[in-house]
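Since the structure comes first, as structure tokens, the remarks are kept for the end.
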Amino acid sequence: IVPGHMNLDKICDAVKMGVAMAGGTPIMFPAIAVCDGIAMGHVGMKYSLVTRDLIADSTEAMAMAHQFDALVMIPNCDKNVPGLLMAAARINVPTVFVSGGPMLAGKVKGCKRSLSSMFEAVGSYAAGTMSEEDVNEFECKACPTCGSCSGMYTANSMNCLTEALGMGLQGNGTIPAVYSERIKLAKHAGMKVMEMLEKKRDQGFKITEMGGDFYIEAEWLLKILNKTDIEDYESLQYLQRVLENSGVFEELRNRGVQEGDTVIIYDLEFQYVP
């Protein structure tokens, strides 16, 4: 039911292949997910945030009860990414994240559009400045593929943050969901977690850049740090110290990612503010 998770079966298959190729035995178990877009505007929105802890708790229960040696987390939507990061911090075994990837940008009347364009279209219709036919065109074309919603909302922000934390391989936050490069990344994630298990090396967190949805990222990061032995996590001053030498991505949407475009996988269009 979640558009951002429609392709995760293919991501899972690639991860399992990578684990097996590296000599491991892949075992898969699921996590629940709520699509905030579908849950929006009715009582369902009250059920979204709580799923973060349900995801963290259930994942911890499965991993600890069955004593898995290592984990590959495969999230792609708003509460799944922070929920699984919280679980990874609690479980503390070699872990790699690989998301399902962002949705491609849409194209309406010759212009690239994202999910926010759909919101604006609904508002314009309510204000009487857009026809129903034009709204229907946005509805059919603004979000053309599977993947996390095209815009720097929680899902894409957290997938980029996961990469910045060192918990995901390069490209985890930016390779589009429908690109074959995403399948390659997933296979490499399976191989990498086996390499980590073999070397039994510790993982370090290092933030290099933060995404556009900074306040959401800060909230989730504090929740994740709460599950570790890092001191002083309760204060936003901790984040301030970490971010003093960091930059901020602004306006990172999937506007430069559209079928037919030439895309540099690890260098999507963005404005960097030092």
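Note on naming: chains are A, B, ... as they come in the structure tokens, residues start from 1 per chain, ligands start from 1 in the order shown.
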Excluding Asp57 in chain A and its own-chain neighbours fewer than 4 positions away, which residues fall within 8 Å of it when counting only C-alpha atoms? Please give them as a list of chain:residue names.
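The filter keeps A:Asp53, A:Ala61, A:Ala87.
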Output the selection as a CSV table (one decimal), in the first residue's frame - N, CA and C atoms for each residue.
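Written output follows (result.csv):
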```csv
chain,number,residue,atom,x,y,z
A,53,ASP,N,8.2,3.8,17.0
A,53,ASP,CA,8.6,3.0,18.1
A,53,ASP,C,8.1,1.5,17.9
A,61,ALA,N,13.1,-6.9,18.9
A,61,ALA,CA,12.7,-8.2,19.4
A,61,ALA,C,13.1,-9.3,18.5
A,87,ALA,N,16.5,1.0,16.2
A,87,ALA,CA,16.7,-0.4,16.5
A,87,ALA,C,18.2,-0.8,16.3
```
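The shortest atom-to-atom distance to Leu197 in chain A, with only C-alpha atoms taken into account, belongs to A:Val93 out of A:Val178, A:Met64, A:Val93, A:Cys146.
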CA of Met17 in chain A to CA of Phe97 in chain A, distance in Å rounded to a single decimal
15.5 Å
Need the shell around His66 in chain A: protein/DNA/RNA residues with any atom at most 12 Å away, counting only C-alpha atoms. Skip same-chain ones fewer than 3 positions apart. Format as a PyMOL selection string?
chain A and resi 27-29+59-63+69-71+91
Using N, CA, C and O atoms, can you export the residues from the last selection as a tab-separated table (two decimals), in the first residue's frame?
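Written out: selection-v7.tsv:
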```tsv
chain	number	residue	atom	x	y	z
A	27	ILE	N	18.34	-14.14	5.91
A	27	ILE	CA	17.01	-14.39	6.46
A	27	ILE	C	16.26	-13.06	6.44
A	27	ILE	O	16.78	-12.04	6.89
A	28	MET	N	15.03	-13.06	5.95
A	28	MET	CA	14.27	-11.81	5.83
A	28	MET	C	13.08	-11.83	6.78
A	28	MET	O	12.40	-12.83	6.93
A	29	PHE	N	12.84	-10.69	7.46
A	29	PHE	CA	11.60	-10.52	8.21
A	29	PHE	C	11.11	-9.09	7.99
A	29	PHE	O	11.89	-8.18	7.77
A	59	THR	N	11.60	-4.78	15.59
A	59	THR	CA	12.86	-5.16	14.96
A	59	THR	C	13.87	-5.62	16.00
A	59	THR	O	14.56	-6.64	15.82
A	60	GLU	N	13.95	-4.89	17.11
A	60	GLU	CA	14.84	-5.29	18.19
A	60	GLU	C	14.45	-6.67	18.72
A	60	GLU	O	15.31	-7.53	18.97
A	61	ALA	N	13.14	-6.90	18.88
A	61	ALA	CA	12.67	-8.18	19.41
A	61	ALA	C	13.07	-9.33	18.49
A	61	ALA	O	13.55	-10.38	18.95
A	62	MET	N	12.88	-9.15	17.18
A	62	MET	CA	13.22	-10.21	16.24
A	62	MET	C	14.72	-10.48	16.21
A	62	MET	O	15.17	-11.63	16.22
A	63	ALA	N	15.52	-9.40	16.17
A	63	ALA	CA	16.97	-9.55	16.05
A	63	ALA	C	17.58	-10.16	17.30
A	63	ALA	O	18.47	-11.02	17.22
A	69	ASP	N	23.55	-12.34	13.46
A	69	ASP	CA	24.93	-11.87	13.54
A	69	ASP	C	25.10	-10.46	12.98
A	69	ASP	O	25.98	-9.72	13.40
A	70	ALA	N	24.29	-10.11	11.99
A	70	ALA	CA	24.39	-8.80	11.33
A	70	ALA	C	23.04	-8.49	10.70
A	70	ALA	O	22.18	-9.36	10.57
A	71	LEU	N	22.85	-7.23	10.32
A	71	LEU	CA	21.56	-6.80	9.77
A	71	LEU	C	21.76	-5.89	8.57
A	71	LEU	O	22.69	-5.08	8.54
A	91	ILE	N	20.47	-2.76	19.04
A	91	ILE	CA	20.91	-4.13	18.78
A	91	ILE	C	22.44	-4.21	18.75
A	91	ILE	O	23.05	-5.16	19.23
```
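Of the listed residues (A:Met103, A:Ala155, A:Cys149, A:Ala20), A:Ala155 comes nearest to Gly83 in chain A; the distances count only C-alpha atoms.
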Could you check how far CA of Val96 in chain A sits from CA of Ile74 in chain A, in Å to one decimal?
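Between CA of Val96 in chain A and CA of Ile74 in chain A the gap works out to 8.8 Å.
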Distance criterion (only C-alpha atoms): nearest to Leu54 in chain A out of A:Leu84, A:Met40, A:Met73, A:Leu104
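Ranked by minimum distance to Leu54 in chain A, first place goes to A:Leu84.
Considering the residues A:His5, A:Lys46, A:Arg182, A:Lys141 and counting only C-alpha atoms, Gly106 in chain A has its shortest atom-to-atom contact with A:Lys141.
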Find the residue from A:Thr129, A:Ser48, A:Ser157, A:Gln170 that sits nearest to Val34 in chain A; use only C-alpha atoms when measuring.
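Result for the nearest residue to Val34 in chain A: A:Ser48.
The spacing separating CA of Glu139 in chain A from CA of Leu8 in chain A amounts to 23.6 Å.
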Could you give me the residues within range 3-248 of chain A that DSSP places in helix (DSSP H, G or I), as a PyMOL selection string?
chain A and resi 3-5+8-21+36-39+43-47+51-66+80-91+115-126+132-141+154-165+180-199+214-225+236-243
So, with only C-alpha atoms as the atoms that count, which of A:Ala39, A:Cys111, A:Ala31, A:Val81 lies closest to Leu161 in chain A?
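Of all the options, A:Val81 lies closest to Leu161 in chain A.
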Write out as a JSON list (two decimals) with all heavy atoms, in the first residue's frame each polymer residue whose atoms come within 7 Å of range 173-177 of chain A, counting only C-alpha atoms; drop sequence neighbours fewer than 6 positions from it.
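Heads up, here's the output in around.json:
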```json
[["chain", "number", "residue", "atom", "x", "y", "z"],
["A", 100, "GLY", "N", 14.91, 2.20, -0.39],
["A", 100, "GLY", "CA", 14.31, 1.89, -1.68],
["A", 100, "GLY", "C", 14.55, 2.96, -2.73],
["A", 100, "GLY", "O", 14.34, 2.72, -3.91],
["A", 101, "GLY", "N", 14.99, 4.14, -2.30],
["A", 101, "GLY", "CA", 15.32, 5.21, -3.24],
["A", 101, "GLY", "C", 14.19, 6.19, -3.46],
["A", 101, "GLY", "O", 13.02, 5.89, -3.24],
["A", 102, "PRO", "N", 14.53, 7.40, -3.91],
["A", 102, "PRO", "CA", 13.52, 8.44, -4.13],
["A", 102, "PRO", "C", 12.75, 8.27, -5.44],
["A", 102, "PRO", "O", 13.25, 7.68, -6.40],
["A", 102, "PRO", "CB", 14.37, 9.73, -4.17],
["A", 102, "PRO", "CG", 15.70, 9.29, -4.66],
["A", 102, "PRO", "CD", 15.90, 7.90, -4.10],
["A", 103, "MET", "N", 11.56, 8.79, -5.44],
["A", 103, "MET", "CA", 10.70, 8.81, -6.62],
["A", 103, "MET", "C", 11.27, 9.76, -7.67],
["A", 103, "MET", "O", 11.93, 10.76, -7.34],
["A", 103, "MET", "CB", 9.32, 9.31, -6.17],
["A", 103, "MET", "CG", 8.25, 9.39, -7.23],
["A", 103, "MET", "SD", 6.73, 10.13, -6.54],
["A", 103, "MET", "CE", 6.26, 8.87, -5.36],
["A", 104, "LEU", "N", 11.04, 9.46, -8.93],
["A", 104, "LEU", "CA", 11.41, 10.39, -9.99],
["A", 104, "LEU", "C", 10.52, 11.61, -9.97],
["A", 104, "LEU", "O", 9.37, 11.56, -9.51],
["A", 104, "LEU", "CB", 11.31, 9.72, -11.37],
["A", 104, "LEU", "CG", 12.31, 8.63, -11.72],
["A", 104, "LEU", "CD1", 12.04, 8.11, -13.13],
["A", 104, "LEU", "CD2", 13.74, 9.15, -11.62],
["A", 146, "CYS", "N", 7.34, 4.63, -8.34],
["A", 146, "CYS", "CA", 7.47, 4.24, -6.94],
["A", 146, "CYS", "C", 8.65, 4.98, -6.34],
["A", 146, "CYS", "O", 9.43, 5.62, -7.04],
["A", 146, "CYS", "CB", 7.66, 2.73, -6.82],
["A", 146, "CYS", "SG", 9.18, 2.12, -7.59],
["A", 147, "GLY", "N", 8.80, 4.90, -5.03],
["A", 147, "GLY", "CA", 9.91, 5.57, -4.36],
["A", 147, "GLY", "C", 9.42, 6.53, -3.29],
["A", 147, "GLY", "O", 8.23, 6.85, -3.22],
["A", 156, "ASN", "N", 13.25, 11.28, 2.44],
["A", 156, "ASN", "CA", 14.48, 11.58, 1.71],
["A", 156, "ASN", "C", 15.52, 12.24, 2.61],
["A", 156, "ASN", "O", 16.73, 11.98, 2.47],
["A", 156, "ASN", "CB", 14.18, 12.47, 0.51],
["A", 156, "ASN", "CG", 13.57, 11.69, -0.64],
["A", 156, "ASN", "OD1", 13.83, 10.50, -0.80],
["A", 156, "ASN", "ND2", 12.76, 12.35, -1.45],
["A", 159, "ASN", "N", 17.01, 9.43, 4.69],
["A", 159, "ASN", "CA", 17.86, 8.55, 3.88],
["A", 159, "ASN", "C", 19.21, 9.20, 3.59],
["A", 159, "ASN", "O", 20.25, 8.53, 3.58],
["A", 159, "ASN", "CB", 17.15, 8.18, 2.58],
["A", 159, "ASN", "CG", 16.11, 7.09, 2.77],
["A", 159, "ASN", "OD1", 16.24, 6.24, 3.64],
["A", 159, "ASN", "ND2", 15.07, 7.10, 1.95],
["A", 160, "CYS", "N", 19.20, 10.52, 3.36],
["A", 160, "CYS", "CA", 20.47, 11.24, 3.19],
["A", 160, "CYS", "C", 21.24, 11.29, 4.50],
["A", 160, "CYS", "O", 22.47, 11.13, 4.52],
["A", 160, "CYS", "CB", 20.20, 12.66, 2.68],
["A", 160, "CYS", "SG", 19.62, 12.74, 0.97],
["A", 163, "GLU", "N", 23.05, 8.08, 5.18],
["A", 163, "GLU", "CA", 24.31, 8.01, 4.43],
["A", 163, "GLU", "C", 25.37, 8.86, 5.10],
["A", 163, "GLU", "O", 26.53, 8.46, 5.22],
["A", 163, "GLU", "CB", 24.07, 8.47, 2.99],
["A", 163, "GLU", "CG", 25.28, 8.36, 2.10],
["A", 163, "GLU", "CD", 24.97, 8.80, 0.67],
["A", 163, "GLU", "OE1", 23.79, 8.78, 0.28],
["A", 163, "GLU", "OE2", 25.94, 9.14, -0.04],
["A", 265, "ILE", "N", 24.92, 10.09, -10.83],
["A", 265, "ILE", "CA", 24.27, 9.42, -9.70],
["A", 265, "ILE", "C", 24.59, 10.07, -8.36],
["A", 265, "ILE", "O", 23.71, 10.31, -7.56],
["A", 265, "ILE", "CB", 24.69, 7.93, -9.67],
["A", 265, "ILE", "CG1", 24.13, 7.20, -10.89],
["A", 265, "ILE", "CG2", 24.21, 7.26, -8.39],
["A", 265, "ILE", "CD1", 22.61, 7.18, -10.95],
["A", 266, "TYR", "N", 25.85, 10.40, -8.11],
["A", 266, "TYR", "CA", 26.20, 10.88, -6.78],
["A", 266, "TYR", "C", 26.32, 12.40, -6.73],
["A", 266, "TYR", "O", 26.86, 12.96, -5.79],
["A", 266, "TYR", "CB", 27.52, 10.25, -6.33],
["A", 266, "TYR", "CG", 27.49, 8.75, -6.31],
["A", 266, "TYR", "CD1", 28.44, 8.01, -6.99],
["A", 266, "TYR", "CD2", 26.48, 8.08, -5.64],
["A", 266, "TYR", "CE1", 28.39, 6.63, -7.00],
["A", 266, "TYR", "CE2", 26.43, 6.70, -5.65],
["A", 266, "TYR", "CZ", 27.39, 5.98, -6.32],
["A", 266, "TYR", "OH", 27.35, 4.62, -6.32]]
```
Leaving out Met21 in chain A and any residue of its chain fewer than 6 positions from it, which residues lie within 12 Å of it when counting only C-alpha atoms, given as a VMD selection string?
chain A and resid 14 to 15 187 to 195
When DSSP works through the backbone of this structure, what residues of range 22-230 of chain A end up as strand (DSSP E), shown as a short mmCIF file (atom, residue, chain, number, x, y, z; two decimals) with C-alpha atoms, in the first residue's frame?
```cif
data_model
loop_
_atom_site.label_atom_id
_atom_site.label_comp_id
_atom_site.auth_asym_id
_atom_site.auth_seq_id
_atom_site.Cartn_x
_atom_site.Cartn_y
_atom_site.Cartn_z
CA LEU A 71 21.56 -6.80 9.77
CA VAL A 72 20.73 -5.00 6.56
CA MET A 73 17.91 -2.52 7.16
CA THR A 95 24.43 -3.09 10.21
CA VAL A 96 24.09 -1.49 6.78
CA PHE A 97 21.12 0.51 5.54
CA GLY A 106 7.00 14.31 -12.60
CA LYS A 107 6.38 16.53 -15.60
CA VAL A 108 3.26 18.65 -16.00
CA CYS A 111 7.76 21.63 -16.23
CA LYS A 112 9.33 19.29 -13.68
CA ARG A 113 7.06 18.73 -10.68
CA GLU A 209 26.01 17.34 5.68
CA MET A 210 22.42 17.71 6.82
#
```
Write out as a tab-separated table (two decimals) with C-alpha atoms, in the first residue's frame which residues come within 10 Å of Ile1 in chain A when counting only C-alpha atoms, dropping same-chain ones fewer than 3 positions away.
```
chain	number	residue	atom	x	y	z
A	4	GLY	CA	7.70	4.23	-1.31
A	5	HIS	CA	7.87	0.51	-0.55
A	6	MET	CA	6.51	-0.95	-3.78
A	33	ALA	CA	4.84	0.96	7.47
A	34	VAL	CA	2.36	3.84	7.29
A	35	CYS	CA	2.27	6.18	4.30
A	38	ILE	CA	-2.41	8.33	2.51
```
